[in-house]
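The data block below is start_25.pdb; it holds PDB, C-alpha atoms.
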MODEL        1
ATOM      1  CA  MET O   1     -93.875 -39.420   6.500  1.00  0.00           C
ATOM      2  CA  ASP O   2     -96.954 -39.668   8.718  1.00  0.00           C
ATOM      3  CA  PHE O   3     -96.564 -40.727  12.321  1.00  0.00           C
ATOM      4  CA  ILE O   4     -99.941 -41.174  13.964  1.00  0.00           C
ATOM      5  CA  ILE O   5    -101.503 -43.346  16.602  1.00  0.00           C
ATOM      6  CA  THR O   6    -104.986 -44.319  15.481  1.00  0.00           C
ATOM      7  CA  ALA O   7    -107.846 -46.316  16.955  1.00  0.00           C
ATOM      8  CA  ALA O   8    -106.519 -49.312  14.994  1.00  0.00           C
ATOM      9  CA  THR O   9    -103.142 -48.968  16.730  1.00  0.00           C
ATOM     10  CA  VAL O  10    -104.811 -48.952  20.154  1.00  0.00           C
ATOM     11  CA  LEU O  11    -106.911 -51.982  19.170  1.00  0.00           C
ATOM     12  CA  THR O  12    -103.758 -53.857  18.088  1.00  0.00           C
ATOM     13  CA  MET O  13    -102.035 -53.024  21.399  1.00  0.00           C
ATOM     14  CA  TYR O  14    -105.096 -54.370  23.241  1.00  0.00           C
ATOM     15  CA  TYR O  15    -105.082 -57.654  21.281  1.00  0.00           C
ATOM     16  CA  ASN O  16    -101.332 -58.052  21.889  1.00  0.00           C
ATOM     17  CA  ALA O  17    -101.876 -57.561  25.645  1.00  0.00           C
ATOM     18  CA  ILE O  18    -104.706 -60.091  25.930  1.00  0.00           C
ATOM     19  CA  ASN O  19    -102.695 -62.672  24.005  1.00  0.00           C
ATOM     20  CA  SER O  20     -99.721 -62.420  26.390  1.00  0.00           C
ATOM     21  CA  GLN O  21     -99.762 -65.624  28.398  1.00  0.00           C
ATOM     22  CA  LYS O  22     -97.279 -64.999  31.195  1.00  0.00           C
ATOM     23  CA  ILE O  23     -98.912 -62.081  32.969  1.00  0.00           C
ATOM     24  CA  PRO O  24    -101.285 -62.158  35.956  1.00  0.00           C
ATOM     25  CA  PHE O  25    -103.669 -59.610  34.447  1.00  0.00           C
ATOM     26  CA  CYS O  26    -106.940 -59.794  32.556  1.00  0.00           C
ATOM     27  CA  TYR O  27    -108.218 -57.056  30.287  1.00  0.00           C
ATOM     28  CA  ASN O  28    -111.799 -56.021  29.599  1.00  0.00           C
ATOM     29  CA  ALA O  29    -112.211 -53.565  26.728  1.00  0.00           C
ATOM     30  CA  ASP O  30    -115.053 -51.298  25.688  1.00  0.00           C
ATOM     31  CA  ILE O  31    -114.787 -51.465  21.892  1.00  0.00           C
ATOM     32  CA  GLU O  32    -117.291 -49.719  19.643  1.00  0.00           C
ATOM     33  CA  ASP O  33    -117.021 -49.957  15.836  1.00  0.00           C
ATOM     34  CA  GLY O  34    -113.406 -51.143  16.152  1.00  0.00           C
ATOM     35  CA  VAL O  35    -112.460 -48.220  18.426  1.00  0.00           C
ATOM     36  CA  VAL O  36    -111.144 -48.927  21.918  1.00  0.00           C
ATOM     37  CA  ASN O  37    -112.669 -46.402  24.319  1.00  0.00           C
ATOM     38  CA  ARG O  38    -111.720 -47.990  27.630  1.00  0.00           C
ATOM     39  CA  ILE O  39    -109.673 -50.919  28.938  1.00  0.00           C
ATOM     40  CA  GLU O  40    -110.187 -52.187  32.462  1.00  0.00           C
ATOM     41  CA  VAL O  41    -107.272 -54.102  34.016  1.00  0.00           C
ATOM     42  CA  LEU O  42    -107.952 -56.834  36.555  1.00  0.00           C
ATOM     43  CA  GLU O  43    -105.351 -58.784  38.482  1.00  0.00           C
ATOM     44  CA  GLU O  44    -105.710 -62.527  38.886  1.00  0.00           C
ATOM     45  CA  LYS O  45    -104.485 -63.702  42.280  1.00  0.00           C
ATOM     46  CA  ASP O  46    -105.485 -66.856  44.157  1.00  0.00           C
ATOM     47  CA  GLN O  47    -108.182 -67.538  41.534  1.00  0.00           C
ATOM     48  CA  GLN O  48    -109.771 -64.146  42.255  1.00  0.00           C
ATOM     49  CA  LEU O  49    -110.031 -61.137  39.946  1.00  0.00           C
ATOM     50  CA  THR O  50    -109.412 -57.725  41.485  1.00  0.00           C
ATOM     51  CA  VAL O  51    -109.914 -54.422  39.657  1.00  0.00           C
ATOM     52  CA  LYS O  52    -106.588 -52.536  39.429  1.00  0.00           C
ATOM     53  CA  MET O  53    -106.769 -49.743  36.893  1.00  0.00           C
ATOM     54  CA  ASP O  54    -108.349 -48.543  33.706  1.00  0.00           C
ATOM     55  CA  TYR O  55    -107.265 -46.698  30.578  1.00  0.00           C
ATOM     56  CA  ASN O  56    -109.640 -44.287  28.849  1.00  0.00           C
ATOM     57  CA  TYR O  57    -108.842 -43.337  25.248  1.00  0.00           C
ATOM     58  CA  TYR O  58    -109.926 -40.133  23.508  1.00  0.00           C
ATOM     59  CA  TYR O  59    -109.502 -39.428  19.791  1.00  0.00           C
ATOM     60  CA  ASP O  60    -109.436 -36.265  17.697  1.00  0.00           C
ATOM     61  CA  VAL O  61    -111.658 -35.618  14.665  1.00  0.00           C
ATOM     62  CA  GLU O  62    -109.070 -37.309  12.415  1.00  0.00           C
ATOM     63  CA  GLY O  63    -109.278 -40.539  14.432  1.00  0.00           C
ATOM     64  CA  ARG O  64    -105.836 -40.100  15.996  1.00  0.00           C
ATOM     65  CA  LEU O  65    -105.228 -40.797  19.674  1.00  0.00           C
ATOM     66  CA  ASP O  66    -105.525 -37.417  21.390  1.00  0.00           C
ATOM     67  CA  TYR O  67    -104.989 -38.453  24.997  1.00  0.00           C
ATOM     68  CA  LYS O  68    -105.159 -41.434  27.322  1.00  0.00           C
ATOM     69  CA  ASP O  69    -106.198 -41.185  30.964  1.00  0.00           C
ATOM     70  CA  VAL O  70    -104.943 -43.760  33.470  1.00  0.00           C
ATOM     71  CA  ARG O  71    -106.907 -44.282  36.688  1.00  0.00           C
ATOM     72  CA  ARG O  72    -106.286 -46.573  39.664  1.00  0.00           C
ATOM     73  CA  TRP O  73    -109.012 -48.294  41.631  1.00  0.00           C
ATOM     74  CA  ASN O  74    -109.078 -47.260  45.292  1.00  0.00           C
ATOM     75  CA  ALA O  75    -110.419 -50.375  47.044  1.00  0.00           C
ATOM     76  CA  LYS O  76    -110.877 -48.621  50.385  1.00  0.00           C
ATOM     77  CA  ARG O  77    -112.920 -45.747  48.971  1.00  0.00           C
ATOM     78  CA  LYS O  78    -114.404 -47.928  46.197  1.00  0.00           C
ATOM     79  CA  CYS O  79    -113.818 -45.370  43.466  1.00  0.00           C
ATOM     80  CA  TRP O  80    -111.575 -44.569  40.517  1.00  0.00           C
ATOM     81  CA  GLU O  81    -108.780 -42.052  41.101  1.00  0.00           C
ATOM     82  CA  ASN O  82    -107.021 -40.170  38.319  1.00  0.00           C
ATOM     83  CA  GLU O  83    -103.319 -40.889  38.077  1.00  0.00           C
ATOM     84  CA  VAL O  84    -101.782 -39.736  34.814  1.00  0.00           C
ATOM     85  CA  ARG O  85    -102.719 -38.398  31.365  1.00  0.00           C
ATOM     86  CA  HIS O  86    -100.727 -39.134  28.205  1.00  0.00           C
ATOM     87  CA  VAL O  87    -101.212 -36.287  25.709  1.00  0.00           C
ATOM     88  CA  PHE O  88    -100.325 -36.954  22.050  1.00  0.00           C
ATOM     89  CA  LYS O  89     -99.245 -34.088  19.771  1.00  0.00           C
ATOM     90  CA  TYR O  90     -98.634 -34.731  16.087  1.00  0.00           C
ATOM     91  CA  PHE O  91     -96.137 -33.110  13.728  1.00  0.00           C
ATOM     92  CA  TYR O  92     -95.236 -33.641  10.064  1.00  0.00           C
ATOM     93  CA  ASN O  93     -92.240 -35.838  10.964  1.00  0.00           C
ATOM     94  CA  GLY O  94     -93.389 -37.484  14.189  1.00  0.00           C
ATOM     95  CA  TYR O  95     -95.224 -36.967  17.434  1.00  0.00           C
ATOM     96  CA  ASN O  96     -94.743 -36.149  21.121  1.00  0.00           C
ATOM     97  CA  VAL O  97     -96.168 -37.950  24.144  1.00  0.00           C
ATOM     98  CA  GLU O  98     -96.535 -35.699  27.195  1.00  0.00           C
ATOM     99  CA  LEU O  99     -96.948 -37.222  30.648  1.00  0.00           C
ATOM    100  CA  CYS O 100     -99.125 -35.161  33.021  1.00  0.00           C
ATOM    101  CA  HIS O 101     -99.739 -36.340  36.599  1.00  0.00           C
ATOM    102  CA  TRP O 102    -102.979 -35.750  38.491  1.00  0.00           C
ATOM    103  CA  ASN O 103    -102.868 -33.041  41.147  1.00  0.00           C
ATOM    104  CA  ALA O 104    -105.487 -34.041  43.750  1.00  0.00           C
ATOM    105  CA  LYS O 105    -105.166 -30.769  45.677  1.00  0.00           C
ATOM    106  CA  GLU O 106    -106.002 -28.668  42.612  1.00  0.00           C
ATOM    107  CA  ASN O 107    -108.291 -31.302  41.085  1.00  0.00           C
ATOM    108  CA  LYS O 108    -106.584 -31.114  37.672  1.00  0.00           C
ATOM    109  CA  TYR O 109    -103.654 -32.486  35.693  1.00  0.00           C
ATOM    110  CA  ASP O 110    -100.334 -30.671  36.160  1.00  0.00           C
ATOM    111  CA  ILE O 111     -98.245 -29.467  33.234  1.00  0.00           C
ATOM    112  CA  ALA O 112     -96.223 -32.218  31.612  1.00  0.00           C
ATOM    113  CA  ASP O 113     -93.296 -33.385  33.711  1.00  0.00           C
ATOM    114  CA  GLU O 114     -91.989 -35.695  30.985  1.00  0.00           C
ATOM    115  CA  VAL O 115     -92.104 -35.508  27.184  1.00  0.00           C
ATOM    116  CA  THR O 116     -90.967 -38.136  24.699  1.00  0.00           C
ATOM    117  CA  LEU O 117     -90.356 -37.033  21.103  1.00  0.00           C
ATOM    118  CA  TYR O 118     -90.555 -39.548  18.232  1.00  0.00           C
ATOM    119  CA  ARG O 119     -89.112 -38.203  14.960  1.00  0.00           C
ATOM    120  CA  ALA O 120     -88.612 -39.866  11.586  1.00  0.00           C
ATOM    121  CA  MET O 121     -85.017 -39.637  10.453  1.00  0.00           C
ATOM    122  CA  GLY O 122     -85.387 -41.691   7.305  1.00  0.00           C
ATOM    123  CA  THR O 123     -87.391 -44.554   5.880  1.00  0.00           C
ATOM    124  CA  ASN O 124     -86.378 -47.058   8.539  1.00  0.00           C
ATOM    125  CA  MET O 125     -85.069 -44.865  11.355  1.00  0.00           C
ATOM    126  CA  THR O 126     -86.768 -43.049  14.233  1.00  0.00           C
ATOM    127  CA  SER O 127     -85.167 -40.825  16.849  1.00  0.00           C
ATOM    128  CA  VAL O 128     -86.622 -41.164  20.372  1.00  0.00           C
ATOM    129  CA  ARG O 129     -85.719 -38.543  22.984  1.00  0.00           C
ATOM    130  CA  THR O 130     -87.170 -38.197  26.475  1.00  0.00           C
ATOM    131  CA  TYR O 131     -87.038 -35.000  28.514  1.00  0.00           C
ATOM    132  CA  ARG O 132     -87.941 -34.692  32.202  1.00  0.00           C
ATOM    133  CA  MET O 133     -88.825 -31.586  34.206  1.00  0.00           C
ATOM    134  CA  ASN O 134     -86.185 -30.426  36.687  1.00  0.00           C
ATOM    135  CA  GLU O 135     -86.913 -30.009  40.428  1.00  0.00           C
ATOM    136  CA  ASP O 136     -87.873 -26.333  40.338  1.00  0.00           C
ATOM    137  CA  LYS O 137     -90.060 -26.901  37.254  1.00  0.00           C
ATOM    138  CA  SER O 138     -88.200 -24.235  35.281  1.00  0.00           C
ATOM    139  CA  ASN O 139     -86.855 -26.394  32.480  1.00  0.00           C
ATOM    140  CA  MET O 140     -86.689 -29.904  31.037  1.00  0.00           C
ATOM    141  CA  ARG O 141     -83.510 -31.916  30.698  1.00  0.00           C
ATOM    142  CA  LEU O 142     -82.682 -34.724  28.288  1.00  0.00           C
ATOM    143  CA  VAL O 143     -82.729 -38.052  30.174  1.00  0.00           C
ATOM    144  CA  SER O 144     -82.536 -40.559  27.317  1.00  0.00           C
ATOM    145  CA  LYS O 145     -82.052 -40.750  23.588  1.00  0.00           C
ATOM    146  CA  THR O 146     -81.972 -43.610  21.150  1.00  0.00           C
ATOM    147  CA  ILE O 147     -82.359 -44.453  17.494  1.00  0.00           C
ATOM    148  CA  VAL O 148     -84.829 -47.158  16.511  1.00  0.00           C
ATOM    149  CA  LEU O 149     -84.086 -49.051  13.305  1.00  0.00           C
ATOM    150  CA  GLU O 150     -86.684 -51.120  11.506  1.00  0.00           C
ATOM    151  CA  PRO O 151     -85.682 -54.316   9.673  1.00  0.00           C
ATOM    152  CA  LEU O 152     -84.532 -53.680   6.120  1.00  0.00           C
ATOM    153  CA  GLU O 153     -86.062 -56.853   4.658  1.00  0.00           C
ATOM    154  CA  TYR O 154     -89.361 -54.995   4.260  1.00  0.00           C
ATOM    155  CA  THR O 155     -87.820 -52.195   2.210  1.00  0.00           C
ATOM    156  CA  LEU O 156     -87.941 -52.338  -1.576  1.00  0.00           C
ATOM    157  CA  PHE O 157     -84.601 -51.030  -2.846  1.00  0.00           C
ATOM    158  CA  ALA O 158     -85.173 -51.577  -6.564  1.00  0.00           C
ATOM    159  CA  GLU O 159     -87.889 -52.811  -8.853  1.00  0.00           C
ATOM    160  CA  ALA O 160     -87.347 -55.636 -11.350  1.00  0.00           C
ATOM    161  CA  ASN O 161     -87.778 -54.807 -15.041  1.00  0.00           C
TER     162      ASN O 161
ENDMDL
END

For the structure just supplied, provide its representation as C-alpha coordinates.
Amino acid sequence: MDFIITAATVLTMYYNAINSQKIPFCYNADIEDGVVNRIEVLEEKDQQLTVKMDYNYYYDVEGRLDYKDVRRWNAKRKCWENEVRHVFKYFYNGYNVELCHWNAKENKYDIADEVTLYRAMGTNMTSVRTYRMNEDKSNMRLVSKTIVLEPLEYTLFAEAN
(Lines of atoms letter the chains of each structure in order from A and count residues from 1; the text may use other names and numbers.)
(Lines give C-alpha, C1' and ligand atoms only; values in the text may rest on other atoms or scores of the structure.)
Protein backbone atom coordinates (compact mmCIF):
# COMPACT_ATOMS: atom_id res chain seq x y z
CA MET A 1 0.00 0.00 0.00
CA ASP A 2 1.51 3.33 -1.05
CA PHE A 3 1.33 6.28 1.30
CA ILE A 4 2.63 9.41 -0.37
CA ILE A 5 1.96 13.10 -0.29
CA THR A 6 2.15 14.45 -3.83
CA ALA A 7 1.84 17.86 -5.44
CA ALA A 8 -1.82 17.01 -6.10
CA THR A 9 -2.38 16.44 -2.37
CA VAL A 10 -0.86 19.84 -1.55
CA LEU A 11 -3.00 21.47 -4.26
CA THR A 12 -6.15 19.87 -2.79
CA MET A 13 -5.24 21.11 0.71
CA TYR A 14 -4.80 24.62 -0.74
CA TYR A 15 -8.22 24.56 -2.45
CA ASN A 16 -9.85 23.28 0.75
CA ALA A 17 -8.27 26.15 2.72
CA ILE A 18 -9.36 28.89 0.31
CA ASN A 19 -12.91 27.54 0.27
CA SER A 20 -13.23 27.70 4.07
CA GLN A 21 -15.56 30.60 4.76
CA LYS A 22 -15.25 31.16 8.50
CA ILE A 23 -11.59 32.06 8.80
CA PRO A 24 -10.00 35.53 8.79
CA PHE A 25 -7.20 34.52 6.43
CA CYS A 26 -6.58 34.84 2.71
CA TYR A 27 -4.23 32.62 0.76
CA ASN A 28 -2.11 33.48 -2.26
CA ALA A 29 -0.48 30.49 -3.95
CA ASP A 30 2.36 30.18 -6.42
CA ILE A 31 1.16 27.28 -8.58
CA GLU A 32 3.11 26.12 -11.62
CA ASP A 33 1.84 23.24 -13.79
CA GLY A 34 -0.52 22.15 -11.00
CA VAL A 35 2.29 22.12 -8.40
CA VAL A 36 2.03 24.36 -5.35
CA ASN A 37 5.46 25.85 -4.65
CA ARG A 38 4.51 28.52 -2.13
CA ILE A 39 1.45 29.72 -0.21
CA GLU A 40 1.40 33.16 1.36
CA VAL A 41 -1.03 33.66 4.26
CA LEU A 42 -2.56 37.07 4.86
CA GLU A 43 -4.81 38.03 7.75
CA GLU A 44 -7.90 40.12 7.12
CA LYS A 45 -8.56 42.54 9.97
CA ASP A 46 -10.51 45.80 9.85
CA GLN A 47 -10.74 45.51 6.05
CA GLN A 48 -6.94 45.39 5.80
CA LEU A 49 -4.74 42.51 4.66
CA THR A 50 -1.56 41.88 6.63
CA VAL A 51 1.11 39.35 5.64
CA LYS A 52 1.46 36.69 8.37
CA MET A 53 3.37 33.68 7.11
CA ASP A 54 4.25 31.59 4.12
CA TYR A 55 4.69 27.91 3.33
CA ASN A 56 7.31 26.79 0.82
CA TYR A 57 6.95 23.28 -0.63
CA TYR A 58 9.78 21.16 -2.03
CA TYR A 59 9.31 17.86 -3.88
CA ASP A 60 11.57 14.91 -4.61
CA VAL A 61 12.24 13.49 -8.09
CA GLU A 62 9.18 11.22 -7.75
CA GLY A 63 6.89 14.22 -7.18
CA ARG A 64 6.36 13.46 -3.49
CA LEU A 65 6.43 16.20 -0.87
CA ASP A 66 9.97 16.18 0.49
CA TYR A 67 9.75 19.05 2.96
CA LYS A 68 7.75 22.15 3.79
CA ASP A 69 9.28 25.29 5.27
CA VAL A 70 7.14 27.63 7.37
CA ARG A 71 8.23 31.26 7.75
CA ARG A 72 6.70 34.15 9.70
CA TRP A 73 6.71 37.74 8.53
CA ASN A 74 8.57 40.07 10.90
CA ALA A 75 6.75 43.39 10.44
CA LYS A 76 9.33 45.37 12.43
CA ARG A 77 12.31 44.11 10.44
CA LYS A 78 10.25 43.73 7.24
CA CYS A 79 11.61 40.29 6.42
CA TRP A 80 10.72 36.61 6.46
CA GLU A 81 12.04 34.55 9.38
CA ASN A 82 12.34 30.77 9.32
CA GLU A 83 10.22 29.02 11.92
CA VAL A 84 9.84 25.30 11.28
CA ARG A 85 10.52 22.63 8.64
CA HIS A 86 8.32 19.57 8.12
CA VAL A 87 10.41 16.73 6.66
CA PHE A 88 8.56 13.83 4.99
CA LYS A 89 10.12 10.35 4.87
CA TYR A 90 8.39 7.57 2.98
CA PHE A 91 8.29 3.84 3.71
CA TYR A 92 6.55 0.87 2.06
CA ASN A 93 3.68 0.97 4.58
CA GLY A 94 3.46 4.67 5.42
CA TYR A 95 5.44 7.80 6.08
CA ASN A 96 6.90 9.96 8.85
CA VAL A 97 6.60 13.72 9.33
CA GLU A 98 9.51 15.22 11.28
CA LEU A 99 9.18 18.66 12.84
CA CYS A 100 12.44 20.65 12.95
CA HIS A 101 12.52 24.14 14.49
CA TRP A 102 14.76 26.95 13.25
CA ASN A 103 17.80 27.71 15.40
CA ALA A 104 18.56 31.42 14.82
CA LYS A 105 21.83 31.29 16.78
CA GLU A 106 23.25 28.52 14.58
CA ASN A 107 21.40 29.67 11.46
CA LYS A 108 20.06 26.18 10.70
CA TYR A 109 17.22 23.80 11.53
CA ASP A 110 17.68 21.68 14.67
CA ILE A 111 17.22 17.92 14.67
CA ALA A 112 13.59 16.86 14.79
CA ASP A 113 11.96 17.45 18.16
CA GLU A 114 8.72 15.74 17.12
CA VAL A 115 7.98 12.88 14.72
CA THR A 116 4.59 11.57 13.65
CA LEU A 117 4.43 8.10 12.09
CA TYR A 118 1.55 7.14 9.76
CA ARG A 119 1.38 3.38 9.08
CA ALA A 120 -1.14 1.32 7.12
CA MET A 121 -2.60 -1.45 9.24
CA GLY A 122 -5.07 -2.73 6.69
CA THR A 123 -7.20 -1.55 3.81
CA ASN A 124 -9.15 1.00 5.83
CA MET A 125 -7.00 1.50 8.92
CA THR A 126 -4.01 3.73 9.67
CA SER A 127 -1.99 3.92 12.87
CA VAL A 128 -0.86 7.43 13.86
CA ARG A 129 1.78 7.80 16.58
CA THR A 130 3.52 11.00 17.67
CA TYR A 131 6.82 11.08 19.53
CA ARG A 132 8.37 14.16 21.16
CA MET A 133 11.97 14.78 22.20
CA ASN A 134 12.61 14.79 25.95
CA GLU A 135 14.20 17.78 27.76
CA ASP A 136 17.81 16.62 27.55
CA LYS A 137 17.37 15.67 23.87
CA SER A 138 18.53 12.11 24.52
CA ASN A 139 15.40 10.26 23.49
CA MET A 140 11.85 10.60 22.17
CA ARG A 141 8.76 9.60 24.09
CA LEU A 142 5.34 8.59 22.80
CA VAL A 143 2.87 11.45 23.39
CA SER A 144 -0.14 10.29 21.39
CA LYS A 145 -1.43 7.34 19.43
CA THR A 146 -4.62 6.71 17.54
CA ILE A 147 -6.13 4.53 14.85
CA VAL A 148 -7.84 6.21 11.91
CA LEU A 149 -10.61 4.25 10.21
CA GLU A 150 -11.90 5.11 6.77
CA PRO A 151 -15.59 4.61 5.90
CA LEU A 152 -16.35 1.10 4.71
CA GLU A 153 -18.95 2.14 2.12
CA TYR A 154 -16.14 2.72 -0.37
CA THR A 155 -14.75 -0.79 0.00
CA LEU A 156 -15.78 -3.50 -2.45
CA PHE A 157 -16.22 -6.71 -0.44
CA ALA A 158 -17.42 -8.96 -3.26
CA GLU A 159 -18.04 -8.76 -6.96
CA ALA A 160 -21.39 -9.69 -8.53
CA ASN A 161 -21.41 -12.59 -11.00

**OP:** With a distance cut-off of 7 Å and only C-alpha atoms, select the neighbouring residues of Thr146 of chain O, excluding the residue or stretch itself and same-chain residues fewer than 3 positions from it, and output the selection as a list in words.
**Re:**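 Neighbouring residues, sequence-local ones excluded: Ser127, Val128 and Arg129 of chain O.
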
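Relative to atom CA of His101 of chain O, atom CA of Val84 of chain O is found at 4.3 Å.
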
Subject >> Residues near Asn103 of chain O, cut-off 10 Å, all atoms listed in the file, skip fewer than 5 positions along chain, as a PyMOL selection string >> reply: chain O and resi 82-84+108-111

Original post:
Quick one: residues within 9 Å of Trp80 of chain O, only C-alpha atoms counted, chain neighbours fewer than 6 positions away excluded, as a list in words?
Top reply: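 Returned residues: Met53, Asp54, Arg71, Arg72, Trp73 and Asn74 of chain O.
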
**OP:** Would you translate the PyMOL selection byres ((chain O and resi 58) around 8) into the concrete set of residues it matches in this file, as JSON, numbers by chain?
**Re:** {"O": [37, 56, 57, 59, 60, 65, 66, 67, 68]}

When the PyMOL selection byres ((chain O and resi 122) around 12) is applied to the file above, which residues end up in the set, as an mmCIF file with C-alpha atoms, keeping the file's coordinate frame?
data_model
loop_
_atom_site.group_PDB
_atom_site.id
_atom_site.type_symbol
_atom_site.label_atom_id
_atom_site.label_comp_id
_atom_site.auth_asym_id
_atom_site.auth_seq_id
_atom_site.Cartn_x
_atom_site.Cartn_y
_atom_site.Cartn_z
ATOM 1 C CA MET O 1 -93.875 -39.420 6.500
ATOM 2 C CA ASP O 2 -96.954 -39.668 8.718
ATOM 3 C CA ASN O 93 -92.240 -35.838 10.964
ATOM 4 C CA GLY O 94 -93.389 -37.484 14.189
ATOM 5 C CA ARG O 119 -89.112 -38.203 14.960
ATOM 6 C CA ALA O 120 -88.612 -39.866 11.586
ATOM 7 C CA MET O 121 -85.017 -39.637 10.453
ATOM 8 C CA THR O 123 -87.391 -44.554 5.880
ATOM 9 C CA ASN O 124 -86.378 -47.058 8.539
ATOM 10 C CA MET O 125 -85.069 -44.865 11.355
ATOM 11 C CA THR O 126 -86.768 -43.049 14.233
ATOM 12 C CA SER O 127 -85.167 -40.825 16.849
ATOM 13 C CA ILE O 147 -82.359 -44.453 17.494
ATOM 14 C CA VAL O 148 -84.829 -47.158 16.511
ATOM 15 C CA LEU O 149 -84.086 -49.051 13.305
ATOM 16 C CA GLU O 150 -86.684 -51.120 11.506
ATOM 17 C CA THR O 155 -87.820 -52.195 2.210
#

**OP:** Figure out the distance between atom CA of Tyr55 of chain O and atom CA of Arg77 of chain O, please, to one decimal in Å.
**Re:** 19.3 Å

Centre and size of axis-aligned box enclosing segment 86-105 of chain O plus 3 Å each side, as lines of an AutoDock Vina configuration file:
center_x = -98.9
center_y = -35.0
center_z = 27.9
size_x = 19.2
size_y = 14.4
size_z = 41.6
